[in-house]
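Undergrad: Pasting in a structure now, in structure tokens, and then I'll have a few things to ask.
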Amino acid sequence: MVSGSLGHAAKVSPRDREENTHVICVYTEDFTNKEQVQAVEKGLRKIGVTSVMSYKADVYTTLGIYRDNPWRLKPTIYSSRP
């Protein structure tokens with residue numbers, strides 16, 4: 001984050017003790033800038049993130065668009081496998 005290679009802000013959720021998982025949110029300036037999103041992914045991979053990653057625009061959260069939404073909209077825009 002300090003060097004600017006991982007977006008302009010981030011937050012990490014507490015660990016889910018049952019599933020032993022947590023969420024890392026990294027915010028980019030423009031979710032339509034695919035090169036910027038890919039650069040953040042590359043930076044996360046470089047520091048050891050090995051799980052599947054999905055990119056969800058913050059506006060979807062604001063609008064209440066989650067996985068099983070009544071409109072059947074896919075809440076993620078990009079996804080990446082290691």
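Letters A, B, ... mark the chains of the structure tokens in the order given; residue numbers begin at 1 per chain; ligand numbers begin at 1, in order shown.
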With DSSP run on the backbone, what are the strand (DSSP E or B) residues within chain A? I'd like them as an NGL selection string.

TA: :A and (9-12 or 16 or 21 or 24-27 or 53-55 or 78-80)

Undergrad: Tell me which protein, DNA and RNA residues are within 6 Å of segment 45-62 of chain A, counting only C-alpha atoms, leaving out same-chain ones fewer than 4 positions away, and put them as an mmCIF file with N, CA and C atoms, in the first residue's frame.

TA:
data_model
loop_
_atom_site.group_PDB
_atom_site.id
_atom_site.type_symbol
_atom_site.label_atom_id
_atom_site.label_comp_id
_atom_site.auth_asym_id
_atom_site.auth_seq_id
_atom_site.Cartn_x
_atom_site.Cartn_y
_atom_site.Cartn_z
ATOM 1 N N THR A 76 -19.428 -10.032 -9.016
ATOM 2 C CA THR A 76 -18.004 -9.836 -9.289
ATOM 3 C C THR A 76 -17.771 -9.522 -10.759
ATOM 4 N N ILE A 77 -16.772 -8.700 -10.993
ATOM 5 C CA ILE A 77 -16.450 -8.272 -12.354
ATOM 6 C C ILE A 77 -15.309 -9.099 -12.935
ATOM 7 N N TYR A 78 -14.272 -9.283 -12.115
ATOM 8 C CA TYR A 78 -13.103 -10.052 -12.541
ATOM 9 C C TYR A 78 -12.862 -11.154 -11.528
ATOM 10 N N SER A 79 -12.209 -12.236 -11.962
ATOM 11 C CA SER A 79 -11.751 -13.247 -11.026
ATOM 12 C C SER A 79 -10.430 -13.803 -11.530
ATOM 13 N N SER A 80 -9.657 -14.347 -10.596
ATOM 14 C CA SER A 80 -8.323 -14.822 -10.923
ATOM 15 C C SER A 80 -7.993 -16.061 -10.103
ATOM 16 N N ARG A 81 -7.429 -17.024 -10.729
ATOM 17 C CA ARG A 81 -6.961 -18.236 -10.045
ATOM 18 C C ARG A 81 -5.436 -18.196 -10.035
ATOM 19 N N PRO A 82 -4.856 -18.738 -8.983
ATOM 20 C CA PRO A 82 -3.374 -18.733 -8.917
ATOM 21 C C PRO A 82 -2.721 -19.564 -10.006
#

Undergrad: Taking only chain A into account, list the residues labelled helix (DSSP H, G or I) by DSSP (computed from the backbone), as a short mmCIF file (atom, residue, chain, number, x, y, z; two decimals) with N, CA and C atoms, in the first residue's frame.

TA:
data_model
loop_
_atom_site.label_atom_id
_atom_site.label_comp_id
_atom_site.auth_asym_id
_atom_site.auth_seq_id
_atom_site.Cartn_x
_atom_site.Cartn_y
_atom_site.Cartn_z
N LYS A 34 -8.79 -2.08 -16.36
CA LYS A 34 -8.37 -3.47 -16.20
C LYS A 34 -6.87 -3.59 -15.92
N GLU A 35 -6.07 -2.73 -16.51
CA GLU A 35 -4.62 -2.78 -16.27
C GLU A 35 -4.30 -2.48 -14.80
N GLN A 36 -5.02 -1.53 -14.22
CA GLN A 36 -4.82 -1.19 -12.81
C GLN A 36 -5.22 -2.36 -11.91
N VAL A 37 -6.34 -2.97 -12.22
CA VAL A 37 -6.83 -4.12 -11.45
C VAL A 37 -5.83 -5.27 -11.56
N GLN A 38 -5.32 -5.53 -12.76
CA GLN A 38 -4.34 -6.61 -12.95
C GLN A 38 -3.03 -6.31 -12.23
N ALA A 39 -2.64 -5.05 -12.17
CA ALA A 39 -1.41 -4.69 -11.45
C ALA A 39 -1.56 -4.96 -9.96
N VAL A 40 -2.74 -4.69 -9.42
CA VAL A 40 -2.98 -4.98 -8.00
C VAL A 40 -2.96 -6.49 -7.77
N GLU A 41 -3.58 -7.24 -8.67
CA GLU A 41 -3.55 -8.70 -8.55
C GLU A 41 -2.11 -9.20 -8.56
N LYS A 42 -1.32 -8.71 -9.48
CA LYS A 42 0.08 -9.12 -9.58
C LYS A 42 0.83 -8.80 -8.29
N GLY A 43 0.57 -7.64 -7.72
CA GLY A 43 1.21 -7.26 -6.46
C GLY A 43 0.81 -8.17 -5.32
N LEU A 44 -0.46 -8.54 -5.26
CA LEU A 44 -0.93 -9.45 -4.21
C LEU A 44 -0.32 -10.84 -4.38
N ARG A 45 -0.22 -11.30 -5.61
CA ARG A 45 0.42 -12.60 -5.86
C ARG A 45 1.90 -12.56 -5.45
N LYS A 46 2.53 -11.44 -5.72
CA LYS A 46 3.96 -11.29 -5.40
C LYS A 46 4.22 -11.37 -3.90
N ASP A 58 -17.19 -1.50 -5.60
CA ASP A 58 -17.79 -1.04 -4.34
C ASP A 58 -19.23 -0.58 -4.53
N VAL A 59 -19.55 -0.08 -5.70
CA VAL A 59 -20.92 0.37 -5.97
C VAL A 59 -21.90 -0.80 -5.85
N TYR A 60 -21.48 -2.01 -6.16
CA TYR A 60 -22.36 -3.17 -6.01
C TYR A 60 -22.72 -3.37 -4.54
N THR A 61 -21.75 -3.20 -3.67
CA THR A 61 -22.01 -3.32 -2.23
C THR A 61 -22.97 -2.23 -1.79
N THR A 62 -22.72 -1.01 -2.24
CA THR A 62 -23.59 0.12 -1.90
C THR A 62 -25.03 -0.14 -2.34
#

Undergrad: Which one of A:Pro14, A:Glu19, A:Gly7, A:Pro70 sits closest to Asn33 of chain A if you count only C-alpha atoms?

TA: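 Among the listed residues, A:Gly7 lies closest to Asn33 of chain A.
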
Undergrad: One number please: atom CA of Pro75 of chain A to atom CA of Glu18 of chain A, in Å, one decimal.

TA: 23.9 Å

Undergrad: For the atom pair atom CA of Arg72 of chain A and atom CA of Thr32 of chain A, what is the interatomic distance in Å to one decimal place?

TA: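 The value is 21.2 Å.
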
Undergrad: Which of these, A:Val12, A:Lys74, A:Asp68, A:Leu6, has the shortest distance to Tyr27 of chain A once you count only C-alpha atoms?

TA: A:Leu6

Undergrad: Please indicate the distance in Å from atom CA of Lys11 of chain A to atom CA of Ile24 of chain A, rounded to one decimal place.

TA: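 So the answer is 5.9 Å.
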
Undergrad: Restricting the calculation to only C-alpha atoms, which member of A:Leu63, A:Asp30, A:Cys25, A:Trp71 is positioned closest to Ala9 of chain A?

TA: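 Of A:Leu63, A:Asp30, A:Cys25, A:Trp71, the one nearest Ala9 of chain A is A:Cys25, counting only C-alpha atoms.
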